[in-house]
Each structure stands twice: as structure tokens, then as C-alpha cells.
file input37.pdb (PDB, C-alpha atoms and all ligand atoms)
ATOM      1  CA  MET A   2      24.472  -4.945  27.358
ATOM      2  CA  ARG A   3      25.206  -8.449  28.630
ATOM      3  CA  ASN A   4      21.901  -9.368  30.213
ATOM      4  CA  VAL A   5      19.277  -8.920  27.531
ATOM      5  CA  ASN A   6      15.850 -10.166  28.544
ATOM      6  CA  ALA A   7      12.250  -9.811  27.376
ATOM      7  CA  ASP A   8      11.710  -6.905  29.781
ATOM      8  CA  ASN A   9      14.663  -4.718  28.826
ATOM      9  CA  ILE A  10      15.268  -5.519  25.148
ATOM     10  CA  THR A  11      12.867  -2.947  23.683
ATOM     11  CA  GLN A  12      14.358  -0.054  25.615
ATOM     12  CA  ALA A  13      17.879  -1.261  24.767
ATOM     13  CA  VAL A  14      17.166  -1.292  21.037
ATOM     14  CA  VAL A  15      15.467   2.129  21.133
ATOM     15  CA  ARG A  16      18.453   3.592  23.027
ATOM     16  CA  SER A  17      20.881   2.089  20.520
ATOM     17  CA  PHE A  18      19.636   4.739  18.054
ATOM     18  CA  ASP A  19      20.266   7.654  20.433
ATOM     19  CA  GLY A  20      23.318   8.686  18.429
ATOM     20  CA  ALA A  21      21.355   9.213  15.202
ATOM     21  CA  ALA A  22      22.144  12.639  13.761
ATOM     22  CA  ASP A  23      18.611  13.072  12.390
ATOM     23  CA  PRO A  24      16.046  13.448  15.229
ATOM     24  CA  ARG A  25      13.128  12.516  12.964
ATOM     25  CA  LEU A  26      14.867   9.291  11.951
ATOM     26  CA  ARG A  27      15.479   8.549  15.656
ATOM     27  CA  GLU A  28      11.793   9.117  16.399
ATOM     28  CA  ILE A  29      10.532   6.977  13.490
ATOM     29  CA  VAL A  30      12.900   4.053  14.016
ATOM     30  CA  GLY A  31      12.426   4.143  17.799
ATOM     31  CA  LYS A  32       8.622   4.016  17.504
ATOM     32  CA  LEU A  33       8.836   1.336  14.822
ATOM     33  CA  VAL A  34      10.924  -0.857  17.142
ATOM     34  CA  GLN A  35       8.491  -0.292  20.028
ATOM     35  CA  HIS A  36       5.468  -1.205  17.909
ATOM     36  CA  LEU A  37       7.152  -4.236  16.307
ATOM     37  CA  HIS A  38       8.105  -5.562  19.729
ATOM     38  CA  ALA A  39       4.618  -4.886  21.089
ATOM     39  CA  PHE A  40       3.173  -6.811  18.138
ATOM     40  CA  ALA A  41       5.459  -9.811  18.749
ATOM     41  CA  ARG A  42       4.477  -9.804  22.439
ATOM     42  CA  GLU A  43       0.772  -9.432  21.741
ATOM     43  CA  VAL A  44       0.554 -12.405  19.357
ATOM     44  CA  ASN A  45       3.267 -14.346  21.241
ATOM     45  CA  LEU A  46       5.118 -14.745  17.943
ATOM     46  CA  ALA A  47       6.752 -18.206  17.651
ATOM     47  CA  PRO A  48      10.222 -18.570  16.019
ATOM     48  CA  GLU A  49       8.771 -20.703  13.151
ATOM     49  CA  GLU A  50       6.111 -18.068  12.529
ATOM     50  CA  TRP A  51       8.670 -15.288  12.282
ATOM     51  CA  GLN A  52      10.776 -17.468   9.958
ATOM     52  CA  ARG A  53       7.726 -17.646   7.685
ATOM     53  CA  GLY A  54       7.456 -13.871   7.906
ATOM     54  CA  ILE A  55      11.116 -13.493   6.867
ATOM     55  CA  ALA A  56      10.606 -15.997   4.017
ATOM     56  CA  PHE A  57       7.659 -13.896   2.847
ATOM     57  CA  LEU A  58       9.781 -10.717   2.824
ATOM     58  CA  HIS A  59      12.580 -12.582   1.032
ATOM     59  CA  ALA A  60      10.122 -13.744  -1.663
ATOM     60  CA  ALA A  61       8.840 -10.178  -2.013
ATOM     61  CA  GLY A  62      12.418  -9.001  -2.577
ATOM     62  CA  LYS A  63      13.123 -11.724  -5.153
ATOM     63  CA  ILE A  64      10.052 -10.949  -7.290
ATOM     64  CA  SER A  65      10.641  -7.175  -7.200
ATOM     65  CA  THR A  66      12.262  -5.489 -10.177
ATOM     66  CA  ASP A  67      12.539  -1.864 -11.373
ATOM     67  CA  ALA A  68       9.104  -2.387 -12.962
ATOM     68  CA  ARG A  69       7.451  -4.236 -10.085
ATOM     69  CA  ASN A  70       7.773  -3.429  -6.385
ATOM     70  CA  GLU A  71       6.149  -6.097  -4.223
ATOM     71  CA  PHE A  72       6.821  -4.046  -1.065
ATOM     72  CA  VAL A  73       4.728  -1.162  -2.394
ATOM     73  CA  LEU A  74       1.974  -3.682  -3.106
ATOM     74  CA  LEU A  75       2.302  -5.051   0.434
ATOM     75  CA  SER A  76       2.002  -1.527   1.809
ATOM     76  CA  ASP A  77      -1.072  -1.022  -0.423
ATOM     77  CA  VAL A  78      -2.990  -4.194   0.464
ATOM     78  CA  THR A  79      -2.340  -3.745   4.189
ATOM     79  CA  GLY A  80      -3.814  -0.224   3.971
ATOM     80  CA  LEU A  81      -0.582   1.460   5.097
ATOM     81  CA  SER A  82      -0.194   3.483   1.878
ATOM     82  CA  SER A  83      -3.791   4.615   2.207
ATOM     83  CA  LEU A  84      -3.402   5.524   5.879
ATOM     84  CA  VAL A  85      -0.345   7.659   5.038
ATOM     85  CA  ASP A  86      -2.440   9.412   2.339
ATOM     86  CA  LEU A  87      -5.307   9.981   4.767
ATOM     87  CA  LEU A  88      -2.968  11.439   7.390
ATOM     88  CA  ALA A  89      -1.616  13.870   4.779
ATOM     89  CA  SER A  90      -5.114  14.940   3.624
ATOM     90  CA  GLY A  91      -6.819  17.997   5.072
ATOM     91  CA  SER A  92      -6.515  21.799   4.927
ATOM     92  CA  GLY A  93      -9.579  21.976   2.646
ATOM     93  CA  ALA A  94      -7.873  20.047  -0.169
ATOM     94  CA  THR A  95      -9.334  17.109  -2.112
ATOM     95  CA  GLU A  96      -8.577  13.855  -0.284
ATOM     96  CA  ARG A  97      -5.502  11.972  -1.396
ATOM     97  CA  SER A  98      -5.513   8.432  -2.786
ATOM     98  CA  ALA A  99      -3.190   5.796  -4.261
ATOM     99  CA  LEU A 100      -0.393   6.677  -6.655
ATOM    100  CA  GLY A 101      -0.044   3.005  -7.615
ATOM    101  CA  PRO A 102       2.813   1.631  -9.708
ATOM    102  CA  PHE A 103       1.695   2.791 -13.159
ATOM    103  CA  HIS A 104       2.447   6.507 -13.133
ATOM    104  CA  ALA A 105       5.051   7.404 -15.766
ATOM    105  CA  GLU A 106       6.854  10.684 -16.336
ATOM    106  CA  GLY A 107       6.663  12.463 -19.656
ATOM    107  CA  SER A 108       3.017  11.941 -20.633
ATOM    108  CA  PRO A 109       2.089  13.809 -23.820
ATOM    109  CA  LEU A 110       0.524  17.261 -23.493
ATOM    110  CA  LEU A 111      -3.191  17.447 -24.300
ATOM    111  CA  GLU A 112      -5.061  20.716 -24.808
ATOM    112  CA  VAL A 113      -8.152  21.440 -22.668
ATOM    113  CA  GLY A 114     -11.053  19.614 -24.335
ATOM    114  CA  GLY A 115      -8.692  17.193 -26.120
ATOM    115  CA  ASP A 116      -9.395  13.599 -27.077
ATOM    116  CA  LEU A 117      -7.705  10.789 -25.175
ATOM    117  CA  LYS A 118      -9.839   7.889 -26.351
ATOM    118  CA  ARG A 119      -8.505   7.921 -29.940
ATOM    119  CA  ASP A 120      -8.967   4.357 -31.189
ATOM    120  CA  ASN A 121      -9.480   2.757 -27.764
ATOM    121  CA  GLU A 122     -12.539   0.546 -27.581
ATOM    122  CA  GLY A 123     -15.084   1.264 -24.881
ATOM    123  CA  GLU A 124     -17.890   3.527 -23.808
ATOM    124  CA  PRO A 125     -17.078   7.189 -24.576
ATOM    125  CA  MET A 126     -16.915   9.563 -21.632
ATOM    126  CA  LEU A 127     -16.533  13.324 -21.256
ATOM    127  CA  VAL A 128     -14.655  14.267 -18.076
ATOM    128  CA  HIS A 129     -14.566  17.877 -16.964
ATOM    129  CA  GLY A 130     -14.241  20.124 -13.923
ATOM    130  CA  ARG A 131     -12.076  22.800 -12.390
ATOM    131  CA  VAL A 132      -9.014  23.133 -10.200
ATOM    132  CA  LEU A 133      -9.839  25.348  -7.218
ATOM    133  CA  ASP A 134      -8.109  26.642  -4.114
ATOM    134  CA  ALA A 135      -9.369  25.731  -0.629
ATOM    135  CA  ALA A 136     -11.771  28.708  -0.732
ATOM    136  CA  GLY A 137     -13.268  27.569  -4.049
ATOM    137  CA  ARG A 138     -11.518  30.121  -6.294
ATOM    138  CA  PRO A 139     -10.260  28.835  -9.678
ATOM    139  CA  ILE A 140      -6.503  28.291  -9.963
ATOM    140  CA  PRO A 141      -5.308  29.483 -13.375
ATOM    141  CA  ARG A 142      -2.725  27.366 -15.211
ATOM    142  CA  ALA A 143      -2.844  24.392 -12.850
ATOM    143  CA  GLN A 144      -1.276  21.198 -14.188
ATOM    144  CA  LEU A 145      -2.974  17.812 -14.410
ATOM    145  CA  ASP A 146      -1.076  14.571 -14.881
ATOM    146  CA  PHE A 147      -3.563  11.810 -15.735
ATOM    147  CA  TRP A 148      -3.448   8.050 -16.374
ATOM    148  CA  GLN A 149      -5.992   5.238 -16.532
ATOM    149  CA  ALA A 150      -6.316   1.576 -17.503
ATOM    150  CA  ALA A 151      -7.923   0.560 -20.806
ATOM    151  CA  THR A 152     -11.227  -1.292 -20.922
ATOM    152  CA  ASN A 153      -9.353  -4.610 -20.767
ATOM    153  CA  GLY A 154      -8.227  -3.544 -17.261
ATOM    154  CA  LYS A 155      -4.586  -3.094 -18.314
ATOM    155  CA  TYR A 156      -2.223  -0.106 -18.279
ATOM    156  CA  TRP A 157       0.084   0.342 -21.260
ATOM    157  CA  GLN A 158       2.974  -1.085 -19.199
ATOM    158  CA  GLN A 159       1.068  -4.401 -18.910
ATOM    159  CA  ASP A 160      -0.150  -4.671 -22.478
ATOM    160  CA  PRO A 161       2.139  -4.922 -25.543
ATOM    161  CA  GLU A 162      -0.872  -4.052 -27.745
ATOM    162  CA  GLN A 163      -1.044  -0.512 -26.288
ATOM    163  CA  ASP A 164       1.059   2.436 -27.385
ATOM    164  CA  PRO A 165       3.308   3.640 -24.505
ATOM    165  CA  HIS A 166       1.462   6.986 -24.584
ATOM    166  CA  ASN A 167      -1.988   5.424 -24.468
ATOM    167  CA  LEU A 168      -4.564   6.807 -22.008
ATOM    168  CA  ARG A 169      -2.325   9.284 -20.250
ATOM    169  CA  PHE A 170      -1.695  13.014 -20.589
ATOM    170  CA  ARG A 171      -0.525  16.246 -18.995
ATOM    171  CA  MET A 172      -2.796  19.279 -19.300
ATOM    172  CA  VAL A 173      -2.584  22.924 -18.259
ATOM    173  CA  THR A 174      -5.913  24.446 -17.196
ATOM    174  CA  GLY A 175      -7.122  27.753 -18.565
ATOM    175  CA  ASP A 176      -7.356  30.985 -16.563
ATOM    176  CA  ASP A 177     -10.694  29.722 -15.227
ATOM    177  CA  GLY A 178      -9.020  26.592 -13.768
ATOM    178  CA  ALA A 179     -11.142  24.439 -16.099
ATOM    179  CA  TYR A 180     -10.105  21.122 -17.613
ATOM    180  CA  ALA A 181     -11.943  18.736 -19.951
ATOM    181  CA  PHE A 182     -11.105  15.655 -22.013
ATOM    182  CA  THR A 183     -12.797  12.731 -23.677
ATOM    183  CA  THR A 184     -11.836   9.155 -22.894
ATOM    184  CA  VAL A 185     -13.302   5.665 -22.515
ATOM    185  CA  ARG A 186     -14.874   4.471 -19.298
ATOM    186  CA  PRO A 187     -12.239   2.347 -17.529
ATOM    187  CA  ALA A 188     -12.955  -1.117 -16.090
ATOM    188  CA  PRO A 189     -12.170  -2.674 -12.698
ATOM    189  CA  TYR A 190      -8.884  -4.612 -12.640
ATOM    190  CA  THR A 191      -6.827  -6.767 -10.310
ATOM    191  CA  VAL A 192      -3.593  -5.748  -8.627
ATOM    192  CA  PRO A 193      -0.789  -8.254  -9.413
ATOM    193  CA  TYR A 194      -1.514 -11.448  -7.430
ATOM    194  CA  ASP A 195       1.005 -13.912  -8.871
ATOM    195  CA  GLY A 196       3.557 -13.252  -6.090
ATOM    196  CA  PRO A 197       3.798 -13.476  -2.278
ATOM    197  CA  VAL A 198       1.287 -10.629  -1.787
ATOM    198  CA  GLY A 199      -1.184 -12.574  -3.936
ATOM    199  CA  GLU A 200      -0.569 -15.603  -1.700
ATOM    200  CA  LEU A 201      -1.291 -13.443   1.332
ATOM    201  CA  LEU A 202      -4.550 -12.234  -0.248
ATOM    202  CA  ARG A 203      -5.617 -15.805  -1.008
ATOM    203  CA  ALA A 204      -4.661 -17.012   2.492
ATOM    204  CA  GLY A 205      -6.678 -14.129   3.915
ATOM    205  CA  GLY A 206      -9.756 -15.002   1.857
ATOM    206  CA  ARG A 207      -9.402 -11.715  -0.074
ATOM    207  CA  HIS A 208      -9.652 -10.827  -3.754
ATOM    208  CA  ALA A 209      -7.293  -8.565  -5.750
ATOM    209  CA  TRP A 210      -9.860  -6.309  -7.474
ATOM    210  CA  ARG A 211      -9.828  -2.539  -7.571
ATOM    211  CA  PRO A 212     -12.905  -0.590  -8.652
ATOM    212  CA  ALA A 213     -12.406   1.300 -11.942
ATOM    213  CA  HIS A 214     -10.746   4.679 -11.436
ATOM    214  CA  PHE A 215      -8.885   7.599 -12.948
ATOM    215  CA  HIS A 216      -5.509   8.675 -11.527
ATOM    216  CA  PHE A 217      -4.617  12.367 -11.241
ATOM    217  CA  ILE A 218      -1.662  14.349  -9.940
ATOM    218  CA  VAL A 219      -2.794  17.978  -9.735
ATOM    219  CA  SER A 220      -0.265  20.735  -9.080
ATOM    220  CA  ALA A 221       0.052  24.507  -9.252
ATOM    221  CA  GLU A 222       2.632  27.026  -8.126
ATOM    222  CA  GLY A 223       2.133  27.962  -4.460
ATOM    223  CA  PHE A 224      -0.016  24.871  -3.749
ATOM    224  CA  ARG A 225       0.701  21.385  -2.377
ATOM    225  CA  ALA A 226       0.646  18.810  -5.180
ATOM    226  CA  LEU A 227      -2.260  16.387  -4.896
ATOM    227  CA  THR A 228      -2.113  12.703  -5.867
ATOM    228  CA  THR A 229      -5.585  11.232  -5.985
ATOM    229  CA  GLU A 230      -8.104   9.017  -7.781
ATOM    230  CA  VAL A 231     -11.675   9.427  -8.969
ATOM    231  CA  PHE A 232     -14.050   6.439  -8.712
ATOM    232  CA  PHE A 233     -17.504   5.585 -10.074
ATOM    233  CA  ALA A 234     -20.204   5.243  -7.416
ATOM    234  CA  ASP A 235     -21.958   2.401  -9.280
ATOM    235  CA  ASP A 236     -18.850   0.156  -9.525
ATOM    236  CA  THR A 237     -19.194  -3.484  -8.364
ATOM    237  CA  TYR A 238     -16.032  -3.205  -6.234
ATOM    238  CA  ILE A 239     -16.595   0.270  -4.818
ATOM    239  CA  ASP A 240     -16.934  -1.049  -1.252
ATOM    240  CA  GLU A 241     -14.110  -3.574  -1.469
ATOM    241  CA  ASP A 242     -11.075  -1.945  -3.077
ATOM    242  CA  ALA A 243      -8.078  -4.291  -2.525
ATOM    243  CA  VAL A 244      -5.914  -1.241  -1.658
ATOM    244  CA  PHE A 245      -8.460   0.821   0.342
ATOM    245  CA  GLY A 246      -8.238   3.900  -1.898
ATOM    246  CA  VAL A 247     -11.951   4.779  -2.105
ATOM    247  CA  ARG A 248     -13.279   7.859  -0.277
ATOM    248  CA  GLU A 249     -16.874   9.099  -0.443
ATOM    249  CA  SER A 250     -15.599  12.514  -1.576
ATOM    250  CA  LEU A 251     -13.844  10.948  -4.606
ATOM    251  CA  LEU A 252     -16.965   9.282  -6.049
ATOM    252  CA  VAL A 253     -18.651  10.510  -9.192
ATOM    253  CA  ASN A 254     -22.004   9.449 -10.643
ATOM    254  CA  PRO A 255     -21.521   9.203 -14.392
ATOM    255  CA  ARG A 256     -24.699  10.105 -16.263
ATOM    256  CA  MET A 257     -25.625   9.344 -19.853
ATOM    257  CA  ASP A 258     -25.975  12.395 -22.085
ATOM    258  CA  SER A 259     -27.327  12.798 -25.616
ATOM    259  CA  ASP A 260     -26.785  16.539 -26.079
ATOM    260  CA  PRO A 261     -25.938  16.894 -29.805
ATOM    261  CA  GLN A 262     -24.098  20.218 -29.281
ATOM    262  CA  LEU A 263     -21.808  18.750 -26.623
ATOM    263  CA  ALA A 264     -21.321  15.674 -28.789
ATOM    264  CA  GLN A 265     -20.293  17.837 -31.740
ATOM    265  CA  ARG A 266     -18.039  20.079 -29.666
ATOM    266  CA  TYR A 267     -16.158  17.088 -28.221
ATOM    267  CA  ARG A 268     -16.443  14.829 -31.318
ATOM    268  CA  LEU A 269     -18.378  12.199 -29.310
ATOM    269  CA  PRO A 270     -20.788   9.543 -30.582
ATOM    270  CA  LEU A 271     -24.240   9.588 -28.953
ATOM    271  CA  PRO A 272     -24.956   8.749 -26.200
ATOM    272  CA  PHE A 273     -21.900   9.342 -24.011
ATOM    273  CA  HIS A 274     -21.103   9.284 -20.285
ATOM    274  CA  ILE A 275     -20.401  12.579 -18.617
ATOM    275  CA  VAL A 276     -18.507  13.051 -15.366
ATOM    276  CA  GLU A 277     -17.755  16.265 -13.484
ATOM    277  CA  PHE A 278     -15.164  16.554 -10.718
ATOM    278  CA  ASP A 279     -13.549  19.633  -9.153
ATOM    279  CA  PHE A 280     -10.175  19.407  -7.413
ATOM    280  CA  ARG A 281      -9.206  21.591  -4.469
ATOM    281  CA  LEU A 282      -5.581  22.299  -3.651
ATOM    282  CA  ALA A 283      -4.208  23.541  -0.327
ATOM    283  CA  ALA A 284      -1.730  26.409  -0.311
ATOM    284  CA  CYS A 285       1.889  25.506   0.598
TER
HETATM  285  C1  LIG A 301      -3.267   1.318  -9.315
HETATM  286  O1  LIG A 301      -4.279   1.915  -9.048
HETATM  287  O2  LIG A 301      -2.776   1.511 -10.423
HETATM  288  C2  LIG A 301      -2.670   0.365  -8.315
HETATM  289  C3  LIG A 301      -2.631   0.754  -6.995
HETATM  290  C4  LIG A 301      -2.077  -0.118  -6.066
HETATM  291  C5  LIG A 301      -1.582  -1.336  -6.458
HETATM  292  C6  LIG A 301      -1.633  -1.720  -7.803
HETATM  293  C7  LIG A 301      -2.183  -0.859  -8.735
HETATM  294 FE    FE A 302      -4.848   2.314 -11.107
END

call {"tool": "encode", "arguments": {"input": "input37.pdb", "output": "C-alpha cells", "more": "lines below"}}
Ligand code: BEZ
Ligand code: FE
result
Amino acid sequence: MRNVNADNITQAVVRSFDGAADPRLREIVGKLVQHLHAFAREVNLAPEEWQRGIAFLHAAGKISTDARNEFVLLSDVTGLSSLVDLLASGSGATERSALGPFHAEGSPLLEVGGDLKRDNEGEPMLVHGRVLDAAGRPIPRAQLDFWQAATNGKYWQQDPEQDPHNLRFRMVTGDDGAYAFTTVRPAPYTVPYDGPVGELLRAGGRHAWRPAHFHFIVSAEGFRALTTEVFFADDTYIDEDAVFGVRESLLVNPRMDSDPQLAQRYRLPLPFHIVEFDFRLAAC
């Protein structure tokens, strides 16, 4: 094409992908080009402004390592990760929420009712519930993969003082779909803000805090795996999560309990927090 102009360029670029073997790739890239061009037109993007945009992406690439992906963080703070989760929610399943960068394979197995808090400091908490299908029937032998930050707001990957297996587990539910474990109440923490995404947050007058949460991946044979989070309704940051992961349906109201029998059964000091949350999985 020898006469490219502002009126024909978008169509020309979209057509240039017509030969793609994968029709889904053609659709995604074509729409991406259309929306990127529409954005540049709408804000009348100046060359110096786009150079700053490229410099930002370059900086994001330079700070990224195997252990830190600034592009994932960018997707998170712009709400794109959350939107993709919301679009994939439905079919009667528990709503999806952020995976985040701190999930690790190979968490130790914990039996139902097991103790995760061990020698972690913090307020003791009993967490329990069931894994159900979309009709509310228990799913026997469902698997939970769980991880959380310690009360200093850090995951084990960020804190040399923590054992690499700290505050994470895999668990298989009983025939009644039930799970239970004891832990410490987590604290709010900030997403990494010492890189270009942090600069963007500061320039946008935003903070980097996430409300305290638990991460779960729940799976069972014949069901779609669910990646989600559970939040505390009374958290200071519940209405201003830096990565937009909070959903009303994922809130729990922890209550204080002093039941001596429960305390004895779960080896808890009195009083302790108690939280109940049921997960629902959609069939494949
Ligand atoms: C997290 O919840 O672990 C997380 C999510 C998004 C960005 C950073 C951390
Ligand atoms: Fe997290």
C-alpha cells in the first residue's frame, strides 16, 4: 500500500493479518488494532506522548524478571486482569478474582482441620466451608490450593525470615466437600510500587494497597477450576483495592468466637476469629 493515510491505515493493518492460520488470533489482533487506533484518534495522541508510552513499556520490560512481571502488574492496576476474570465468571460458580504473582506450585498437603498458623504471629482464625456444585451439592474430594500473606503483609517470596512453605497448602476435601484450617488473620499490603507501574499509580494520585485476602484455587474432576480470593468486609481498603479484585460475593464477616470445644478441637487460643465460606464450581 503506497498511499497510507489516517483514513485507511486501520483497515490496512487489520487486513494485513488476513493470512493468519488461527481465526481467533486474527479476531483478537484485528480488534486490538482497531481499538488502539480508535484510542489514539480519540485523545489525539501526540508523537512525544506516545514516545513516553513506549519508554514506560521499555522500563516495565527492564524491571521484569522471572520473579517479577511488571506487565502483569500493569494489567492488574488497569483492571484488565479483573475484567477478564469477571467475563469468565458465571454459570452459578463462585466469582473469580486475582491470581496475583505469589502462587507457587508444590504447596505442602494439609489434612482437613489442619494447622497453618504454626509459629506465625497474629490473630488466630478458623476458616471453614464446603466445595459445592452449581446446584449446591457437595463435591467430594475437591482440591484446594491456598496461599496468603503473613501479618507483616509479606508473602514468603518477599521475606527471607519466612520458610518457603509458610502460609500455603493443598488440601483434599472429605466426601462431604468440607474443608477447614486454622491460620492467622492476614493484613492489607501494597503491590510492588518501586517500578514504572508505581510511578503510574503516583502520577494518577492512587495508592498501592490491597485489602487483606486469602487466595484459593479450587478444582475437582469434571468441574472448571476456580481461581479466586476471599476478603474481609471490615477491611480499611475494601472499597479501594489497587487491583479491583473485590466482589460483594467474596466478602466474609469474621466473628470472634470463644467456644471452648471448638478451641480444643482446633488447638486454638481463646478468643479466635471464625470465617465460613462455601465455594461453588461450574461443571466443565
Ligand atoms: C496478590 O494478591 O498477591 C497480588 C495481586 C496483584 C498484584 C500484586 C499482588
Ligand atoms: Fe495476594

call {"tool": "residues_near_ligand", "arguments": {"input": "input37.pdb", "ligand": "ligand FE 302 (chain A)", "cutoff": "7 Å", "atoms": "only C-alpha atoms and all ligand atoms", "output": "compact mmCIF listing (two decimals) with C-alpha atoms, in the frame of the given file"}}
result
# COMPACT_ATOMS: atom_id res chain seq x y z
CA GLY A 101 -0.04 3.00 -7.62
CA PHE A 103 1.70 2.79 -13.16
CA GLN A 149 -5.99 5.24 -16.53
CA ALA A 150 -6.32 1.58 -17.50
CA HIS A 214 -10.75 4.68 -11.44
CA PHE A 215 -8.88 7.60 -12.95
CA HIS A 216 -5.51 8.68 -11.53

call {"tool": "residues_near_ligand", "arguments": {"input": "input37.pdb", "ligand": "ligand LIG 301 (chain A)", "cutoff": "10 Å", "atoms": "all atoms listed in the file", "output": "PyMOL selection string"}}
result
chain A and resi 69-71+73-78+82-83+98-104+148-150+155-156+189-194+209-216+229-230+242-246

call {"tool": "resolve_selection", "arguments": {"input": "input37.pdb", "expression": "the PyMOL selection byres (((chain A and resi 183) around 7) and not hetatm)", "output": "short mmCIF file (atom, residue, chain, number, x, y, z; two decimals) with C-alpha atoms, in the coordinates of the input"}}
result
data_model
loop_
_atom_site.label_atom_id
_atom_site.label_comp_id
_atom_site.auth_asym_id
_atom_site.auth_seq_id
_atom_site.Cartn_x
_atom_site.Cartn_y
_atom_site.Cartn_z
CA GLY A 115 -8.69 17.19 -26.12
CA ASP A 116 -9.40 13.60 -27.08
CA LEU A 117 -7.70 10.79 -25.18
CA LYS A 118 -9.84 7.89 -26.35
CA MET A 126 -16.92 9.56 -21.63
CA LEU A 127 -16.53 13.32 -21.26
CA VAL A 128 -14.66 14.27 -18.08
CA PHE A 182 -11.10 15.66 -22.01
CA THR A 184 -11.84 9.15 -22.89
#

call {"tool": "closest_residue", "arguments": {"input": "input37.pdb", "among": "A:Arg53, A:Gly93, A:Asp279, A:Ser65", "to": "Leu201 of chain A", "atoms": "all atoms listed in the file"}}
result
A:Arg53

call {"tool": "closest_residue", "arguments": {"input": "input37.pdb", "among": "A:Val198, A:Ile275, A:Ile140, A:Val185", "to": "Ser220 of chain A", "atoms": "all atoms listed in the file"}}
result
A:Ile140

call {"tool": "atom_distance", "arguments": {"input": "input37.pdb", "atom1": "atom CA of Thr228 of chain A", "atom2": "atom CA of Arg97 of chain A"}}
result
5.7 Å

call {"tool": "closest_residue", "arguments": {"input": "input37.pdb", "among": "A:Ser108, A:Glu122, A:Phe233, A:Arg203", "to": "Arg248 of chain A", "atoms": "all atoms listed in the file"}}
result
A:Phe233

call {"tool": "atom_distance", "arguments": {"input": "input37.pdb", "atom1": "atom CA of Glu241 of chain A", "atom2": "atom CA of Pro187 of chain A"}}
result
17.2 Å

call {"tool": "atom_distance", "arguments": {"input": "input37.pdb", "atom1": "atom CA of Arg186 of chain A", "atom2": "atom CA of Asp235 of chain A"}}
result
12.4 Å

call {"tool": "resolve_selection", "arguments": {"input": "input37.pdb", "expression": "the PyMOL selection byres (((chain A and resi 169-177) around 10) and not hetatm)", "output": "count of residues only"}}
result
50

call {"tool": "resolve_selection", "arguments": {"input": "input37.pdb", "expression": "the PyMOL selection byres (((chain A and resi 250) around 9) and not hetatm)", "output": "ChimeraX atom specification"}}
result
/A:95-96,231,247-249,251-253
